[in-house]
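Input: a single structure, listed below in structure tokens.
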Amino acid sequence: MDIQSKLTRLKQQLNSTTQSNGYNTATINPSTINSLVSTPSLTPSSTPAVVPQQYYDPALFPEYKEFTTMEWFYEKQNYTQNLFRKHAGASGATVSIDGRELINYSSYNYLGLANDPRVKKAAQTAVEEFGTSTGSGRSITGEVAPHQEFEREISEILGTEDAVLSVGGYSTNTFSIGYLCRAQDLIIYDELIHNSALTGCKLAGSRRFSFPHNDYDALENLLATHRSNFERVLILTEGVYSMDGDIPDIPRLIEIKQKYQALLMVDEAHSMGVIGPNGLGVTDYFKVSGKEIDILYGSMSKAFGTCGGYVAGPKPLVTILKHYAPGVLLYGASPTPANTAAGLETLRIMRSHPKLAQRVQANAAYFIEKAQAAGLNTYNSKGSGVVPIMTQDSELALWLSVTLFDQGICTYPMLYPIVPRDKSRLRFFINTNHTREQIDYTIDCIVNNLRVAPPSQGVM
Ligand SMILES: Cc1ncc(COP(=O)(O)O)c(C=O)c1O
């Protein structure tokens, strides 16, 4: 195939991916494009290689050019660089940056527990008792009591048989999916599924399809057509969608997975600790048992206020992950004593203080009500702690976030490639400690700013 035909094919692939795959355009990055354009030959070559500089100088890599274009735009607009900004103290409903106290909507710390004295004490005690590192992987000498206590207590809360706690949120999702599914298996995921799950799908090497967001008829169609051709079939959903803030219909998904003898995995990164009358995630929200869902995955960096990831589910499945899945426990170090003890303490507080989650829900409902009354578009958000304000334009989202920052409000723009360009937005993480006054002020600022927003120049 000549280069022109390859480029045409590439454009077609990009277009079709954008249409059918929603946000997953994020996975098409410049290096993917390069690998599609040039198919290296393995025929031995007798001539010495003349390698163009762009293949060994990272400064010429297209990914870096993309980054420097963004930097150039910031500079041109006179925007202060807002990435990797240092903050002082803890980040919760407020955050201190460059000596200014801002209302903060960029922290995952939904319940404010990352700065709770009980949680900090638990982490300090664990450091005193076990040191700063276990010095090993869990199955060798990296095991400490809080690992097992956390797993026992999360299983009890979720109604699952067992659980495994691992060192990273992203990596636990990726490596669990990557190990459980194989070439002879099929993964079907909601088009808005998180990147950590998509990376797991790629690692698995399984066939994969996405279905339009929350379109369960489309999911059923895919299963009716393809189920019989595969061994294991895994359905992936989130408990709360991290960009849109909506909650999928878990009972319907359970029904479907049972009908087609598939496995259902729910990513509870943004649902555990936040949704449901007791704030205990999708099982609490929908009054279903954890036994009805095959894999409940959670991140420890959101409501848990620490770091790591867990998978809860049937004993055989957890056993497989514990003993064989590279990167879950195998070939890696165990979660630190401090992180684990902090997570265990937040789990106990979550369980005994449902008001923390109820306040997130009430604050989010208030935020949405105020925003909608002011004519703002909060898109699909309902019942969770994630609320987008849609701008549909990258430059407007960026300008708005920079302007709000100057007005004492910290929120980040969600831009391509995280979301499609025409779905740019500001994302607000609602915190249990936000006050009504802070929310009122925020909505007023957004509305007033939008009245004087500069027109987009079509650069980003
Ligand atoms: C839906 C979802 N899943 C998984 C993760 C990964 O978790 P962590 O940030 O703890 O690595 C995130 C992180 O933002 C997320 O939003």
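Chain labels A, B, ... are given in the sequence in which chains occur in the structure tokens; within each chain residues are numbered consecutively from 1, and ligands are likewise numbered from 1 in the order shown.
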Residues of chain A within 6 Å of ligand 1: nearest atom pair and distance (Å, one decimal) for each, counting only C-alpha atoms and all ligand atoms, sorted by chain and number, as a Markdown table?
```
| residue | atom | partner | partner_atom_place_in_ligand_line | distance |
| --- | --- | --- | --- | --- |
| A:Gly168 | CA | ligand 1 | 11 (O) | 5.6 |
| A:Gly169 | CA | ligand 1 | 11 (O) | 3.4 |
| A:Tyr170 | CA | ligand 1 | 11 (O) | 3.6 |
| A:His194 | CA | ligand 1 | 1 (C) | 5.0 |
| A:Ser196 | CA | ligand 1 | 4 (C) | 5.8 |
| A:Ser242 | CA | ligand 1 | 16 (O) | 5.1 |
| A:Asp267 | CA | ligand 1 | 3 (N) | 5.9 |
| A:Ala269 | CA | ligand 1 | 2 (C) | 4.9 |
| A:Ser299 | CA | ligand 1 | 10 (O) | 4.5 |
| A:Met300 | CA | ligand 1 | 10 (O) | 5.7 |
| A:Ser301 | CA | ligand 1 | 10 (O) | 4.4 |
| A:Cys307 | CA | ligand 1 | 10 (O) | 5.9 |
| A:Gly308 | CA | ligand 1 | 10 (O) | 5.8 |
```
Query - Picked from stretch 92-273 of chain A by DSSP as strand (DSSP E), as number ranges by chain - result: A: 94-97, 100-104, 162-166, 186-190, 207-211, 233-238, 263-267
With N, CA and C atoms retained, could you export that selection as a compact mmCIF listing (two decimals), in the first residue's frame?
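Printed below is part_34.txt as written:
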```txt
# COMPACT_ATOMS: atom_id res chain seq x y z
N THR A 94 -11.14 23.58 49.83
CA THR A 94 -10.33 24.75 49.50
C THR A 94 -8.89 24.28 49.28
N VAL A 95 -8.11 25.14 48.65
CA VAL A 95 -6.71 24.80 48.43
C VAL A 95 -5.89 26.08 48.44
N SER A 96 -4.66 25.99 48.94
CA SER A 96 -3.82 27.18 49.02
C SER A 96 -2.74 27.13 47.94
N ILE A 97 -2.81 28.08 47.02
CA ILE A 97 -1.82 28.14 45.92
C ILE A 97 -1.21 29.54 45.88
N ARG A 100 -2.60 32.10 48.14
CA ARG A 100 -4.03 32.45 48.07
C ARG A 100 -4.88 31.23 48.39
N GLU A 101 -5.93 31.45 49.17
CA GLU A 101 -6.87 30.37 49.50
C GLU A 101 -7.97 30.37 48.43
N LEU A 102 -8.10 29.26 47.72
CA LEU A 102 -9.10 29.20 46.64
C LEU A 102 -10.19 28.19 46.98
N ILE A 103 -11.38 28.42 46.43
CA ILE A 103 -12.42 27.39 46.50
C ILE A 103 -11.97 26.32 45.51
N ASN A 104 -11.96 25.08 45.96
CA ASN A 104 -11.33 24.06 45.14
C ASN A 104 -12.33 23.03 44.61
N ASP A 162 -14.39 -11.85 48.63
CA ASP A 162 -12.98 -11.54 48.91
C ASP A 162 -12.60 -10.23 48.19
N ALA A 163 -11.42 -9.77 48.47
CA ALA A 163 -10.92 -8.55 47.80
C ALA A 163 -9.40 -8.59 47.80
N VAL A 164 -8.82 -7.81 46.89
CA VAL A 164 -7.36 -7.68 46.87
C VAL A 164 -7.02 -6.20 46.75
N LEU A 165 -6.08 -5.77 47.59
CA LEU A 165 -5.64 -4.37 47.58
C LEU A 165 -4.29 -4.29 46.89
N SER A 166 -4.16 -3.36 45.97
CA SER A 166 -2.91 -3.25 45.21
C SER A 166 -2.41 -1.80 45.22
N LEU A 186 -13.78 -11.71 24.69
CA LEU A 186 -14.34 -10.46 24.15
C LEU A 186 -14.58 -9.49 25.30
N ILE A 187 -14.23 -8.22 25.07
CA ILE A 187 -14.52 -7.19 26.07
C ILE A 187 -15.46 -6.17 25.40
N ILE A 188 -16.57 -5.89 26.08
CA ILE A 188 -17.50 -4.89 25.56
C ILE A 188 -17.61 -3.78 26.60
N TYR A 189 -17.31 -2.57 26.18
CA TYR A 189 -17.27 -1.48 27.16
C TYR A 189 -18.09 -0.28 26.73
N ASP A 190 -18.62 0.41 27.72
CA ASP A 190 -19.29 1.68 27.46
C ASP A 190 -18.27 2.63 26.84
N ARG A 207 -10.61 -9.34 21.60
CA ARG A 207 -11.43 -8.52 20.70
C ARG A 207 -12.22 -7.57 21.57
N ARG A 208 -12.45 -6.34 21.09
CA ARG A 208 -13.23 -5.43 21.91
C ARG A 208 -14.17 -4.56 21.08
N PHE A 209 -15.32 -4.30 21.67
CA PHE A 209 -16.31 -3.39 21.07
C PHE A 209 -16.71 -2.38 22.11
N SER A 210 -17.01 -1.16 21.65
CA SER A 210 -17.63 -0.21 22.58
C SER A 210 -19.10 -0.10 22.22
N PHE A 211 -19.93 0.21 23.20
CA PHE A 211 -21.34 0.52 22.90
C PHE A 211 -21.60 1.98 23.29
N VAL A 233 -16.58 -13.37 28.25
CA VAL A 233 -16.98 -12.04 27.77
C VAL A 233 -17.07 -11.11 28.98
N LEU A 234 -16.37 -9.99 28.90
CA LEU A 234 -16.34 -9.03 30.02
C LEU A 234 -17.05 -7.74 29.60
N ILE A 235 -17.99 -7.31 30.44
CA ILE A 235 -18.69 -6.03 30.19
C ILE A 235 -18.14 -5.01 31.17
N LEU A 236 -17.73 -3.85 30.64
CA LEU A 236 -17.13 -2.82 31.50
C LEU A 236 -18.01 -1.58 31.60
N THR A 237 -18.24 -1.16 32.83
CA THR A 237 -18.95 0.10 33.06
C THR A 237 -18.30 0.81 34.24
N GLU A 238 -18.60 2.09 34.39
CA GLU A 238 -18.18 2.79 35.61
C GLU A 238 -19.40 2.92 36.52
N LEU A 263 -19.25 -11.66 32.23
CA LEU A 263 -18.78 -11.12 33.51
C LEU A 263 -18.99 -9.61 33.49
N LEU A 264 -19.45 -9.07 34.60
CA LEU A 264 -19.67 -7.63 34.69
C LEU A 264 -18.64 -7.01 35.63
N MET A 265 -17.95 -5.97 35.15
CA MET A 265 -16.98 -5.26 36.00
C MET A 265 -17.41 -3.80 36.12
N VAL A 266 -17.51 -3.32 37.37
CA VAL A 266 -17.91 -1.93 37.61
C VAL A 266 -16.72 -1.17 38.21
N ASP A 267 -16.35 -0.08 37.57
CA ASP A 267 -15.27 0.79 38.08
C ASP A 267 -15.91 1.78 39.05
```
Requested in this report: Show which residues sit within 6 Å of stretch 132-137 of chain A, as a PyMOL selection string. Count only C-alpha atoms, and ignore same-chain residues fewer than 2 positions away.
Outcome: chain A and resi 127+139-142+332-334+336
Output file for the selection above: N, CA and C atoms, as a PDB file, in the first residue's frame:
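Generated file (part09.pdb):
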```pdb
ATOM      1  N   VAL A 127       3.367   3.986  60.065  1.00  0.00           N
ATOM      2  CA  VAL A 127       4.774   4.260  59.756  1.00  0.00           C
ATOM      3  C   VAL A 127       5.639   3.906  60.969  1.00  0.00           C
ATOM      4  N   SER A 139       3.150 -11.151  48.497  1.00  0.00           N
ATOM      5  CA  SER A 139       3.185 -12.600  48.713  1.00  0.00           C
ATOM      6  C   SER A 139       4.512 -13.064  49.313  1.00  0.00           C
ATOM      7  N   ILE A 140       5.506 -12.193  49.350  1.00  0.00           N
ATOM      8  CA  ILE A 140       6.765 -12.604  49.989  1.00  0.00           C
ATOM      9  C   ILE A 140       6.742 -12.053  51.415  1.00  0.00           C
ATOM     10  N   THR A 141       7.491 -10.996  51.720  1.00  0.00           N
ATOM     11  CA  THR A 141       7.400 -10.502  53.101  1.00  0.00           C
ATOM     12  C   THR A 141       6.795  -9.103  53.149  1.00  0.00           C
ATOM     13  N   GLY A 142       6.003  -8.771  52.093  1.00  0.00           N
ATOM     14  CA  GLY A 142       5.428  -7.425  52.029  1.00  0.00           C
ATOM     15  C   GLY A 142       4.063  -7.296  52.680  1.00  0.00           C
ATOM     16  N   GLY A 332       5.500  -6.887  41.834  1.00  0.00           N
ATOM     17  CA  GLY A 332       5.452  -5.490  42.280  1.00  0.00           C
ATOM     18  C   GLY A 332       5.452  -5.401  43.794  1.00  0.00           C
ATOM     19  N   ALA A 333       5.719  -4.211  44.299  1.00  0.00           N
ATOM     20  CA  ALA A 333       5.755  -4.002  45.750  1.00  0.00           C
ATOM     21  C   ALA A 333       4.339  -3.850  46.297  1.00  0.00           C
ATOM     22  N   SER A 334       4.207  -4.048  47.603  1.00  0.00           N
ATOM     23  CA  SER A 334       2.879  -3.936  48.209  1.00  0.00           C
ATOM     24  C   SER A 334       2.554  -2.480  48.534  1.00  0.00           C
ATOM     25  N   THR A 336       2.019   0.785  50.550  1.00  0.00           N
ATOM     26  CA  THR A 336       2.784   1.151  51.749  1.00  0.00           C
ATOM     27  C   THR A 336       1.909   1.020  52.999  1.00  0.00           C
TER      28      THR A 336
END
```
**Report entry** Every residue of stretch 39-254 of chain A that DSSP places in helix (DSSP H, G or I), as a VMD selection string
**Finding:** chain A and resid 53 to 55 58 to 60 62 to 76 113 to 115 117 to 130 145 to 158 169 to 180 195 to 204 216 to 229 250 to 254
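The nearest approach to A:Ile389 among the residues A:Ser171, A:Ser401, A:Thr69, A:Ser352, with only C-alpha atoms taken into account, belongs to A:Ser401.
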Requested in this report: Would you kindly return, as JSON, numbers by chain, each protein, DNA or RNA residue with an atom no farther than 8 Å from any atom of A:Gly112, considering only C-alpha atoms and excluding same-chain residues fewer than 3 positions away?
Outcome: {"A": [92, 93, 109, 115, 116, 303, 305, 431, 432, 433]}
Export of the given selection (N, CA and C atoms) as a PDB file, in the first residue's frame:
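Writing the result to result21.pdb gives the following:
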```pdb
ATOM      1  N   GLY A  92      -8.631  20.089  49.504  1.00  0.00           N
ATOM      2  CA  GLY A  92      -9.995  19.599  49.755  1.00  0.00           C
ATOM      3  C   GLY A  92     -10.984  20.579  49.170  1.00  0.00           C
ATOM      4  N   ALA A  93     -11.948  21.032  49.964  1.00  0.00           N
ATOM      5  CA  ALA A  93     -12.936  22.000  49.479  1.00  0.00           C
ATOM      6  C   ALA A  93     -12.277  23.344  49.174  1.00  0.00           C
ATOM      7  N   ASN A 109     -10.745  14.337  46.660  1.00  0.00           N
ATOM      8  CA  ASN A 109     -10.906  14.087  48.098  1.00  0.00           C
ATOM      9  C   ASN A 109     -12.341  14.434  48.535  1.00  0.00           C
ATOM     10  N   ASN A 115      -7.344  14.793  54.872  1.00  0.00           N
ATOM     11  CA  ASN A 115      -6.746  15.679  55.880  1.00  0.00           C
ATOM     12  C   ASN A 115      -7.410  15.477  57.244  1.00  0.00           C
ATOM     13  N   ASP A 116      -8.068  14.330  57.413  1.00  0.00           N
ATOM     14  CA  ASP A 116      -8.778  14.071  58.674  1.00  0.00           C
ATOM     15  C   ASP A 116      -7.761  13.630  59.746  1.00  0.00           C
ATOM     16  N   ALA A 303     -12.557   9.021  47.201  1.00  0.00           N
ATOM     17  CA  ALA A 303     -13.145   9.218  48.535  1.00  0.00           C
ATOM     18  C   ALA A 303     -12.245   8.663  49.646  1.00  0.00           C
ATOM     19  N   GLY A 305      -9.124   8.990  49.960  1.00  0.00           N
ATOM     20  CA  GLY A 305      -8.110   9.976  50.330  1.00  0.00           C
ATOM     21  C   GLY A 305      -6.689   9.454  50.448  1.00  0.00           C
ATOM     22  N   ASN A 431     -17.376  18.654  46.916  1.00  0.00           N
ATOM     23  CA  ASN A 431     -16.801  18.168  48.163  1.00  0.00           C
ATOM     24  C   ASN A 431     -17.819  18.259  49.294  1.00  0.00           C
ATOM     25  N   THR A 432     -17.685  17.355  50.260  1.00  0.00           N
ATOM     26  CA  THR A 432     -18.588  17.358  51.416  1.00  0.00           C
ATOM     27  C   THR A 432     -18.489  18.674  52.200  1.00  0.00           C
ATOM     28  N   ASN A 433     -17.340  19.337  52.119  1.00  0.00           N
ATOM     29  CA  ASN A 433     -17.136  20.565  52.900  1.00  0.00           C
ATOM     30  C   ASN A 433     -17.396  21.851  52.117  1.00  0.00           C
TER      31      ASN A 433
END
```
Query raised in the report: So, counting only C-alpha atoms, which residue among A:Pro420, A:Gly375, A:Gly343, A:Gly290 is closest to A:Asp444?
Result: A:Gly375
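Taking atom CA of A:Glu268 and atom CA of A:Arg436 as endpoints, the distance between them is 27.0 Å.
Note that atom CA of A:Thr174 and atom CA of A:Tyr297 are 10.6 Å apart.
Of the residues under consideration (A:Val240, A:Leu180, A:Val167, A:Leu219), A:Val167 shows the shortest atom-to-atom contact distance to A:Val328 when counting only C-alpha atoms.
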Query raised in the report: In Å, with one decimal, what is the gap from atom CA of A:Gly99 to atom CA of A:His87?
Result: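 Straight-line distance from atom CA of A:Gly99 to atom CA of A:His87 works out to 8.8 Å.
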Query - Nearest residue to A:Ile275 from the set A:Ala122, A:Ile247, A:Val51, A:Ile254 (distances using only C-alpha atoms) - result: A:Ile247
Query raised in the report: Of the residues A:Gly313, A:Gly239, A:Gly205, A:Gly279, which is the one nearest to A:Asp185, using only C-alpha atoms?
Result: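 Nearest candidate to A:Asp185 out of A:Gly313, A:Gly239, A:Gly205, A:Gly279: A:Gly205.
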Query raised in the report: Which of these residues is nearest to A:Tyr416, using only C-alpha atoms: A:Glu395, A:Thr403, A:Glu220, A:Tyr110?
Result: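 Of A:Glu395, A:Thr403, A:Glu220, A:Tyr110, the one nearest A:Tyr416 is A:Glu395, counting only C-alpha atoms.
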Report task. Show which residues sit within 10 Å of A:Pro251, as a count of residues only. Count only C-alpha atoms, and ignore same-chain residues fewer than 5 positions away. Result -> 9
